[in-house]
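A.B. asks: Supplied structure: start_7.csv, CSV, C-alpha atoms.
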```csv
chain,number,residue,atom,x,y,z
A,1,MET,CA,25.4,13.2,29.2
A,2,ALA,CA,24.4,16.5,27.7
A,3,THR,CA,26.2,19.7,28.8
A,4,PRO,CA,24.0,21.5,31.3
A,5,TRP,CA,22.3,24.8,30.4
A,6,THR,CA,24.0,27.8,32.1
A,7,ARG,CA,22.4,30.9,33.5
A,8,ALA,CA,24.0,33.1,30.8
A,9,VAL,CA,22.7,30.9,27.9
A,10,LEU,CA,19.2,30.7,29.4
A,11,ALA,CA,19.2,34.5,29.8
A,12,GLU,CA,20.1,35.0,26.2
A,13,GLN,CA,17.4,32.6,25.0
A,14,LEU,CA,14.9,34.5,27.1
A,15,ARG,CA,16.0,37.8,25.4
A,16,THR,CA,15.7,36.2,22.0
A,17,LEU,CA,12.1,35.1,22.8
A,18,GLY,CA,11.2,38.7,23.6
A,19,LEU,CA,11.6,39.2,27.3
A,20,GLY,CA,13.4,42.5,28.3
A,21,PRO,CA,14.4,44.9,31.0
A,22,GLY,CA,11.5,46.2,33.1
A,23,ASP,CA,9.0,43.5,32.0
A,24,ALA,CA,6.6,41.9,34.4
A,25,VAL,CA,6.1,38.3,33.4
A,26,LEU,CA,3.8,35.6,34.9
A,27,THR,CA,5.7,32.4,34.3
A,28,HIS,CA,4.7,28.8,34.2
A,29,ALA,CA,7.7,26.5,34.0
A,30,GLY,CA,8.0,22.8,33.3
A,31,LEU,CA,11.4,22.4,34.9
A,32,ARG,CA,12.0,18.9,33.7
A,33,SER,CA,11.4,19.9,30.1
A,34,VAL,CA,14.1,22.5,30.4
A,35,GLY,CA,16.8,19.9,30.9
A,36,ARG,CA,19.8,20.0,33.1
A,37,ILE,CA,20.6,23.4,34.5
A,38,LEU,CA,23.9,24.3,36.0
A,39,GLY,CA,22.9,25.5,39.5
A,40,GLY,CA,19.4,23.9,39.2
A,41,PRO,CA,16.1,25.8,39.1
A,42,ASP,CA,17.5,28.7,41.1
A,43,ALA,CA,19.8,29.5,38.1
A,44,LEU,CA,16.7,29.7,35.9
A,45,ILE,CA,15.0,32.1,38.3
A,46,ALA,CA,18.3,34.1,38.3
A,47,ALA,CA,18.5,34.1,34.5
A,48,ILE,CA,15.0,35.5,34.3
A,49,GLY,CA,16.0,38.2,36.8
A,50,ASP,CA,19.0,39.0,34.8
A,51,VAL,CA,16.9,39.7,31.8
A,52,LEU,CA,14.2,41.7,33.7
A,53,GLY,CA,16.7,43.8,35.6
A,54,PRO,CA,16.0,45.5,38.9
A,55,GLU,CA,12.8,47.2,37.7
A,56,GLY,CA,11.3,44.0,36.3
A,57,THR,CA,9.1,41.5,38.1
A,58,LEU,CA,8.8,37.7,37.9
A,59,LEU,CA,5.5,36.2,39.0
A,60,GLY,CA,4.3,32.7,39.5
A,61,TYR,CA,0.9,31.2,40.3
A,62,CYS,CA,0.9,29.5,43.7
A,63,ASP,CA,-2.7,28.6,44.8
A,64,TRP,CA,-2.6,26.8,48.1
A,65,GLN,CA,-2.0,23.2,49.0
A,66,LEU,CA,-5.2,22.3,50.9
A,67,GLU,CA,-7.3,19.4,49.6
A,68,ASP,CA,-11.0,20.1,49.2
A,69,GLU,CA,-12.0,16.9,50.9
A,70,VAL,CA,-10.0,17.8,54.0
A,71,ARG,CA,-11.4,21.4,54.1
A,72,ASP,CA,-14.9,20.0,53.8
A,73,ASP,CA,-14.6,17.4,56.6
A,74,PRO,CA,-16.2,18.8,59.7
A,75,SER,CA,-14.2,16.5,62.0
A,76,LEU,CA,-11.0,18.1,60.8
A,77,ARG,CA,-12.0,21.7,60.7
A,78,ASP,CA,-10.3,22.7,64.0
A,79,GLN,CA,-7.1,20.9,62.9
A,80,ILE,CA,-6.6,22.6,59.5
A,81,PRO,CA,-3.7,25.1,59.4
A,82,PRO,CA,-4.9,28.5,58.2
A,83,PHE,CA,-3.6,30.1,55.0
A,84,ASP,CA,-0.5,32.1,55.8
A,85,PRO,CA,1.1,33.9,52.8
A,86,LEU,CA,4.5,33.6,54.4
A,87,ARG,CA,4.4,29.8,55.1
A,88,SER,CA,1.6,28.0,53.3
A,89,ARG,CA,2.9,25.8,50.5
A,90,SER,CA,2.0,26.3,46.8
A,91,VAL,CA,-0.3,23.7,45.3
A,92,ARG,CA,1.7,20.7,44.1
A,93,ASP,CA,-0.4,20.4,40.8
A,94,ASN,CA,1.4,23.6,39.6
A,95,GLY,CA,4.8,21.9,39.7
A,96,ALA,CA,7.8,23.0,41.7
A,97,PHE,CA,8.5,26.4,40.1
A,98,PRO,CA,6.0,28.5,42.0
A,99,GLU,CA,7.1,27.2,45.4
A,100,LEU,CA,10.7,27.7,44.4
A,101,LEU,CA,9.9,31.3,43.5
A,102,ARG,CA,7.8,31.9,46.6
A,103,THR,CA,10.7,30.8,48.8
A,104,THR,CA,13.3,32.8,47.0
A,105,PRO,CA,14.7,35.6,49.3
A,106,GLY,CA,12.8,38.8,48.6
A,107,ALA,CA,9.7,37.2,47.1
A,108,LYS,CA,6.2,38.4,48.1
A,109,ARG,CA,3.0,36.4,48.0
A,110,SER,CA,-0.6,37.8,47.6
A,111,GLY,CA,-3.3,37.2,50.2
A,112,ASN,CA,-6.0,35.3,48.3
A,113,PRO,CA,-5.5,31.6,49.2
A,114,GLY,CA,-6.7,29.9,46.0
A,115,ALA,CA,-5.6,32.6,43.6
A,116,SER,CA,-2.4,33.6,45.3
A,117,CYS,CA,0.7,34.5,43.3
A,118,ALA,CA,4.3,35.0,44.3
A,119,ALA,CA,6.3,37.9,42.9
A,120,LEU,CA,10.0,38.8,42.9
A,121,GLY,CA,11.6,42.0,41.7
A,122,GLY,CA,11.0,45.7,41.4
A,123,ARG,CA,7.1,45.7,41.6
A,124,ALA,CA,6.6,42.6,43.7
A,125,ALA,CA,4.9,44.4,46.5
A,126,TRP,CA,2.5,46.2,44.2
A,127,PHE,CA,1.6,43.1,42.3
A,128,THR,CA,0.8,41.1,45.5
A,129,SER,CA,-0.9,43.8,47.6
A,130,ASP,CA,-4.7,44.2,48.0
A,131,HIS,CA,-5.6,40.9,46.3
A,132,ALA,CA,-9.4,40.6,46.4
A,133,LEU,CA,-10.5,37.7,48.6
A,134,ASP,CA,-13.7,37.2,46.5
A,135,TYR,CA,-13.4,36.8,42.7
A,136,GLY,CA,-9.6,36.6,43.0
A,137,TYR,CA,-9.0,36.3,39.3
A,138,GLY,CA,-10.7,39.7,38.5
A,139,PRO,CA,-9.3,43.2,38.1
A,140,GLN,CA,-8.2,43.5,41.7
A,141,SER,CA,-5.6,40.7,41.4
A,142,PRO,CA,-2.1,40.1,40.2
A,143,PHE,CA,-3.6,39.0,36.9
A,144,GLY,CA,-5.6,42.2,36.5
A,145,LYS,CA,-2.6,44.2,37.4
A,146,LEU,CA,-0.5,42.3,34.8
A,147,VAL,CA,-2.9,43.3,32.1
A,148,ALA,CA,-3.2,46.9,33.3
A,149,SER,CA,0.6,47.3,33.4
A,150,GLY,CA,1.3,45.8,30.0
A,151,GLY,CA,2.9,42.6,31.4
A,152,LYS,CA,3.5,39.3,29.7
A,153,SER,CA,2.8,35.6,30.2
A,154,LEU,CA,5.6,33.0,29.7
A,155,MET,CA,4.9,29.3,29.2
A,156,LEU,CA,8.3,27.9,29.7
A,157,GLY,CA,8.0,24.2,28.7
A,158,ALA,CA,4.5,24.3,30.4
A,159,PRO,CA,1.3,23.0,28.6
A,160,LEU,CA,-0.6,25.9,27.0
A,161,ASP,CA,-3.8,24.8,28.8
A,162,THR,CA,-2.2,25.8,32.1
A,163,MET,CA,-2.0,29.5,31.2
A,164,THR,CA,-3.6,30.9,34.4
A,165,LEU,CA,-3.9,34.3,32.9
A,166,LEU,CA,-6.9,33.0,31.0
A,167,HIS,CA,-8.9,32.6,34.2
A,168,HIS,CA,-8.9,36.4,34.2
A,169,ALA,CA,-10.4,36.3,30.8
A,170,GLU,CA,-13.1,33.9,32.0
A,171,HIS,CA,-13.8,36.4,34.8
A,172,LEU,CA,-14.1,39.3,32.4
A,173,ALA,CA,-16.1,37.6,29.6
A,174,ASP,CA,-19.8,38.5,29.5
A,175,LEU,CA,-21.2,34.9,29.5
A,176,PRO,CA,-24.5,33.4,30.7
A,177,HIS,CA,-24.6,30.7,33.4
A,178,LYS,CA,-21.0,31.0,34.7
A,179,ARG,CA,-20.1,28.4,37.3
A,180,ILE,CA,-19.8,29.9,40.7
A,181,LEU,CA,-17.9,28.3,43.5
A,182,ARG,CA,-18.7,29.0,47.2
A,183,TYR,CA,-16.6,27.6,50.0
A,184,GLU,CA,-15.1,28.4,53.4
A,185,ALA,CA,-11.4,28.4,54.2
A,186,PRO,CA,-9.3,29.4,57.2
A,187,LEU,CA,-7.1,32.5,57.2
A,188,LEU,CA,-4.4,33.6,59.6
A,189,VAL,CA,-5.5,37.0,60.8
A,190,GLU,CA,-3.4,38.8,63.5
A,191,GLY,CA,-2.2,35.4,64.7
A,192,ARG,CA,-5.7,33.8,64.9
A,193,THR,CA,-7.4,31.4,62.7
A,194,VAL,CA,-10.5,32.9,61.1
A,195,TRP,CA,-12.8,31.0,58.8
A,196,ARG,CA,-14.1,33.0,55.9
A,197,ALA,CA,-16.7,32.4,53.2
A,198,PHE,CA,-15.3,32.8,49.6
A,199,GLU,CA,-17.1,33.2,46.3
A,200,GLU,CA,-15.5,33.1,42.8
A,201,PHE,CA,-16.0,31.8,39.3
A,202,ASP,CA,-15.1,28.1,39.4
A,203,THR,CA,-11.6,27.6,38.0
A,204,SER,CA,-11.5,23.9,38.5
A,205,GLU,CA,-13.3,23.4,35.2
A,206,PRO,CA,-14.3,25.7,32.3
A,207,VAL,CA,-16.4,28.6,33.5
A,208,VAL,CA,-19.4,27.6,31.4
A,209,GLU,CA,-20.6,24.3,30.0
A,210,GLY,CA,-19.7,23.4,26.4
A,211,LEU,CA,-16.0,23.9,26.6
A,212,ALA,CA,-13.3,21.3,26.5
A,213,GLU,CA,-11.4,20.9,29.7
A,214,ASP,CA,-8.2,22.0,27.9
A,215,PHE,CA,-9.8,24.8,25.9
A,216,PHE,CA,-7.1,27.3,27.1
A,217,ALA,CA,-4.7,25.6,24.7
A,218,GLU,CA,-7.1,26.1,21.8
A,219,VAL,CA,-7.4,29.8,22.7
A,220,VAL,CA,-3.6,30.3,22.9
A,221,GLU,CA,-3.0,28.5,19.7
A,222,ALA,CA,-5.6,30.6,17.9
A,223,PHE,CA,-4.0,33.7,19.3
A,224,LEU,CA,-0.5,32.6,18.1
A,225,ALA,CA,-2.0,31.9,14.7
A,226,THR,CA,-2.8,35.6,14.3
A,227,GLY,CA,0.9,36.3,14.4
A,228,GLN,CA,0.9,37.6,17.9
A,229,GLY,CA,3.1,36.2,20.6
A,230,ARG,CA,6.4,34.3,20.0
A,231,ARG,CA,7.6,30.7,20.2
A,232,GLY,CA,11.1,29.6,21.0
A,233,MET,CA,13.3,27.3,23.0
A,234,ILE,CA,14.4,27.9,26.6
A,235,GLY,CA,16.9,25.1,27.3
A,236,ASP,CA,15.3,22.0,25.8
A,237,ALA,CA,11.8,23.4,26.5
A,238,PRO,CA,9.5,24.6,23.7
A,239,SER,CA,8.2,28.0,25.1
A,240,VAL,CA,5.6,30.7,24.3
A,241,LEU,CA,5.7,34.3,25.3
A,242,VAL,CA,2.6,36.5,24.9
A,243,ASP,CA,1.6,40.1,25.9
A,244,ALA,CA,-1.0,39.8,28.6
A,245,ARG,CA,-3.4,42.6,27.5
A,246,PRO,CA,-4.0,41.4,23.9
A,247,MET,CA,-4.0,37.8,25.0
A,248,VAL,CA,-6.8,38.4,27.5
A,249,ALA,CA,-8.7,40.6,25.0
A,250,PHE,CA,-8.5,37.9,22.4
A,251,ALA,CA,-9.7,35.2,24.9
A,252,VAL,CA,-12.6,37.3,26.1
A,253,ASP,CA,-13.7,37.9,22.5
A,254,TRP,CA,-13.2,34.2,21.7
A,255,LEU,CA,-15.5,33.2,24.6
A,256,GLU,CA,-18.2,35.8,24.0
A,257,ARG,CA,-18.5,35.0,20.3
A,258,ARG,CA,-19.3,31.4,21.2
A,259,PHE,CA,-21.4,31.8,24.4
A,260,ARG,CA,-23.0,35.2,24.6
A,261,ALA,CA,-26.8,34.9,25.0
```
If you convert what's in this file into structure tokens, what do you get?
C.D. replies:
Amino acid sequence: MATPWTRAVLAEQLRTLGLGPGDAVLTHAGLRSVGRILGGPDALIAAIGDVLGPEGTLLGYCDWQLEDEVRDDPSLRDQIPPFDPLRSRSVRDNGAFPELLRTTPGAKRSGNPGASCAALGGRAAWFTSDHALDYGYGPQSPFGKLVASGGKSLMLGAPLDTMTLLHHAEHLADLPHKRILRYEAPLLVEGRTVWRAFEEFDTSEPVVEGLAEDFFAEVVEAFLATGQGRRGMIGDAPSVLVDARPMVAFAVDWLERRFRA
């Protein structure tokens, strides 16, 4: 059996990839692809924290574990637990990492149910505060703040087509006929369940017709081909680190050149 990866080795690999003190980094992690970790996933979170230092911030994309078919069933409406940033579970489709991060002592979670993010570290409260309830991938979101503050996105053994940061690019891009999603969901407000109408660009599929379902991977690969971003290994996991601002700018331009009316 292979020797497990240690917190210290993982931290050194993260530094080599380009992560550093004070960084804010939105991380998607395929934990199985990393391999055996001495201390388990908590040691990976700790290793990232070691590199970021007390001023840095680790973010993860949570969403909310509420199936659409349940939410849309009138007979179940009164039984659906409301979204509570402190207790509602992260969506299972995003893997175990965001829920592990969300439940790490000291972590904060933003208040938009479907676009919610967890954050741990020096600026966690800032990143997770005042998350817009409508169009939750826009400027008033952890994604917009990541770009504005010069943060990074780390794909740690995660497929490139799962880079959630690019939903922010979809929001910003000037494109015709964007898909818009309108729905209702329950929120916990001062101890009461309140149903609220939401509106946002649809993130369940590409924001406009004519794009492959996994087009995010194509955009990221094209960005890396320009010499920006870095590839490396974290544990056994092939990983990619990009700066959020140029990544989003590249993606917006990529989309607009193809679809602007």
A.B. asks: Excluding same-chain residues fewer than 3 positions from Phe143 in chain A, what lies within 9 Å of it counting all atoms listed in the file, as a short mmCIF file (atom, residue, chain, number, x, y, z; two decimals) with C-alpha atoms, in the coordinates of the input?
C.D. replies:
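Ended up saving to around.cif:
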```
data_model
loop_
_atom_site.label_atom_id
_atom_site.label_comp_id
_atom_site.auth_asym_id
_atom_site.auth_seq_id
_atom_site.Cartn_x
_atom_site.Cartn_y
_atom_site.Cartn_z
CA LEU A 26 3.80 35.60 34.90
CA CYS A 117 0.70 34.50 43.30
CA PHE A 127 1.60 43.10 42.30
CA GLY A 136 -9.60 36.60 43.00
CA TYR A 137 -9.00 36.30 39.30
CA GLY A 138 -10.70 39.70 38.50
CA PRO A 139 -9.30 43.20 38.10
CA GLN A 140 -8.20 43.50 41.70
CA LEU A 146 -0.50 42.30 34.80
CA VAL A 147 -2.90 43.30 32.10
CA ALA A 148 -3.20 46.90 33.30
CA THR A 164 -3.60 30.90 34.40
CA LEU A 165 -3.90 34.30 32.90
CA HIS A 167 -8.90 32.60 34.20
CA HIS A 168 -8.90 36.40 34.20
CA ALA A 244 -1.00 39.80 28.60
#
```
A.B. asks: Env of Ala8 in chain A: 12 Å cut, atoms = only C-alpha atoms, seq-sep filter 4 positions within chain, self excluded. Answer as a list in words.
C.D. replies: Pro4, Glu12, Gln13, Leu14, Arg15, Ile37, Leu38, Gly39, Ala43, Leu44, Ile45, Ala46, Ala47, Ile48, Gly49, Asp50, Val51, Ile234 and Gly235 of chain A
A.B. asks: Write the residues of the selection above to a file with C-alpha atoms, as a PDB file, in the frame of the given file.
C.D. replies:
```pdb
ATOM      1  CA  PRO A   4      24.000  21.500  31.300  1.00  0.00           C
ATOM      2  CA  GLU A  12      20.100  35.000  26.200  1.00  0.00           C
ATOM      3  CA  GLN A  13      17.400  32.600  25.000  1.00  0.00           C
ATOM      4  CA  LEU A  14      14.900  34.500  27.100  1.00  0.00           C
ATOM      5  CA  ARG A  15      16.000  37.800  25.400  1.00  0.00           C
ATOM      6  CA  ILE A  37      20.600  23.400  34.500  1.00  0.00           C
ATOM      7  CA  LEU A  38      23.900  24.300  36.000  1.00  0.00           C
ATOM      8  CA  GLY A  39      22.900  25.500  39.500  1.00  0.00           C
ATOM      9  CA  ALA A  43      19.800  29.500  38.100  1.00  0.00           C
ATOM     10  CA  LEU A  44      16.700  29.700  35.900  1.00  0.00           C
ATOM     11  CA  ILE A  45      15.000  32.100  38.300  1.00  0.00           C
ATOM     12  CA  ALA A  46      18.300  34.100  38.300  1.00  0.00           C
ATOM     13  CA  ALA A  47      18.500  34.100  34.500  1.00  0.00           C
ATOM     14  CA  ILE A  48      15.000  35.500  34.300  1.00  0.00           C
ATOM     15  CA  GLY A  49      16.000  38.200  36.800  1.00  0.00           C
ATOM     16  CA  ASP A  50      19.000  39.000  34.800  1.00  0.00           C
ATOM     17  CA  VAL A  51      16.900  39.700  31.800  1.00  0.00           C
ATOM     18  CA  ILE A 234      14.400  27.900  26.600  1.00  0.00           C
ATOM     19  CA  GLY A 235      16.900  25.100  27.300  1.00  0.00           C
TER      20      GLY A 235
END
```
A.B. asks: Nearest residue to Glu199 in chain A out of A:Ala107, A:Val220, A:Ala132, A:Leu58, using all atoms listed in the file?
C.D. replies: A:Ala132
A.B. asks: Taking only C-alpha atoms into account, which of A:Gly40, A:Gly20, A:Pro186, A:Gly150 comes nearest Asp72 in chain A?
C.D. replies: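 Ranking A:Gly40, A:Gly20, A:Pro186, A:Gly150 by distance to Asp72 in chain A, first place goes to A:Pro186.
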A.B. asks: Mind pulling up the distance from CA of Leu17 in chain A to CA of Ala115 in chain A?
C.D. replies: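 Between CA of Ala115 in chain A and CA of Leu17 in chain A the gap works out to 27.4 Å.
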A.B. asks: Could you give me, as a list in words, the residues within 6 Å of Ser90 in chain A, counting only C-alpha atoms and dropping anything in the same chain fewer than 2 positions from it?
C.D. replies: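 Listing them by chain and then by number gives Cys62, Asp63, Trp64, Gln65 and Glu99 of chain A.
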A.B. asks: For a cut-off of 8 Å around (-21.5, 30.3, 52.1), file coordinates, pick out all residues using all atoms listed in the file and list them as number ranges by chain.
C.D. replies: A: 182-184, 197-199
A.B. asks: For CA of Ser204 in chain A and CA of Pro238 in chain A, determine how far apart the two atoms are, in Å to one decimal place.
C.D. replies: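 Separation of CA of Ser204 in chain A and CA of Pro238 in chain A: 25.7 Å.
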A.B. asks: What does the structure give for the distance between CA of Pro176 in chain A and CA of Glu218 in chain A, in Å to one decimal?
C.D. replies: 20.9 Å
A.B. asks: Any idea what's packed within 12 Å of Ala119 in chain A, counting only C-alpha atoms, ignoring anything in its chain fewer than 5 positions away? Could you give it as a count of residues only?
C.D. replies: 36
A.B. asks: Which residues are near Met247 in chain A? Cut-off 12 Å, all atoms listed in the file, ignore same chain within fewer than 2 positions. Put them as a PyMOL selection string.
C.D. replies: chain A and resi 143+146-147+150-154+163-169+216+219-224+226-229+240-245+249-254
A.B. asks: Which is closer to His171 in chain A than all the others in A:Ala212, A:Val248, A:Val9, A:Leu19, using only C-alpha atoms?
C.D. replies: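 Closest candidate: A:Val248.
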A.B. asks: Let me make sure I understand: among A:Leu160, A:Ala96, A:Leu181, A:Val34, which one has the smallest atom-to-atom distance to Leu10 in chain A if we use all atoms listed in the file?
C.D. replies: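 That would be A:Val34, the residue with the smallest distance to Leu10 in chain A.
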A.B. asks: Which residue out of A:Asp23, A:Glu170, A:Asp214, A:Asp130 has the minimum interatomic distance to Glu256 in chain A when only C-alpha atoms are used?
C.D. replies: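 Closest residue, counting only C-alpha atoms: A:Glu170.
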A.B. asks: Have a look at A:Arg257, A:Pro206, A:Arg231, A:Gly121 and name the one nearest to Thr16 in chain A; count all atoms listed in the file.
C.D. replies: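 Going through A:Arg257, A:Pro206, A:Arg231, A:Gly121 one by one, the smallest distance to Thr16 in chain A is for A:Arg231.
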A.B. asks: Taking a cut-off of 10 Å and counting only C-alpha atoms, can you build a table that, for each residue of range 186-206 of chain A near range 76-81 of chain A, reports the nearest atom pair and how far apart they are in Å (one decimal), sorted by chain then residue number, as a tab-separated table?
C.D. replies:
```
residue	atom	partner	partner_atom	distance
A:Pro186	CA	A:Pro81	CA	7.4
A:Leu187	CA	A:Pro81	CA	8.4
A:Leu188	CA	A:Pro81	CA	8.5
A:Thr193	CA	A:Pro81	CA	8.0
A:Trp195	CA	A:Arg77	CA	9.5
```
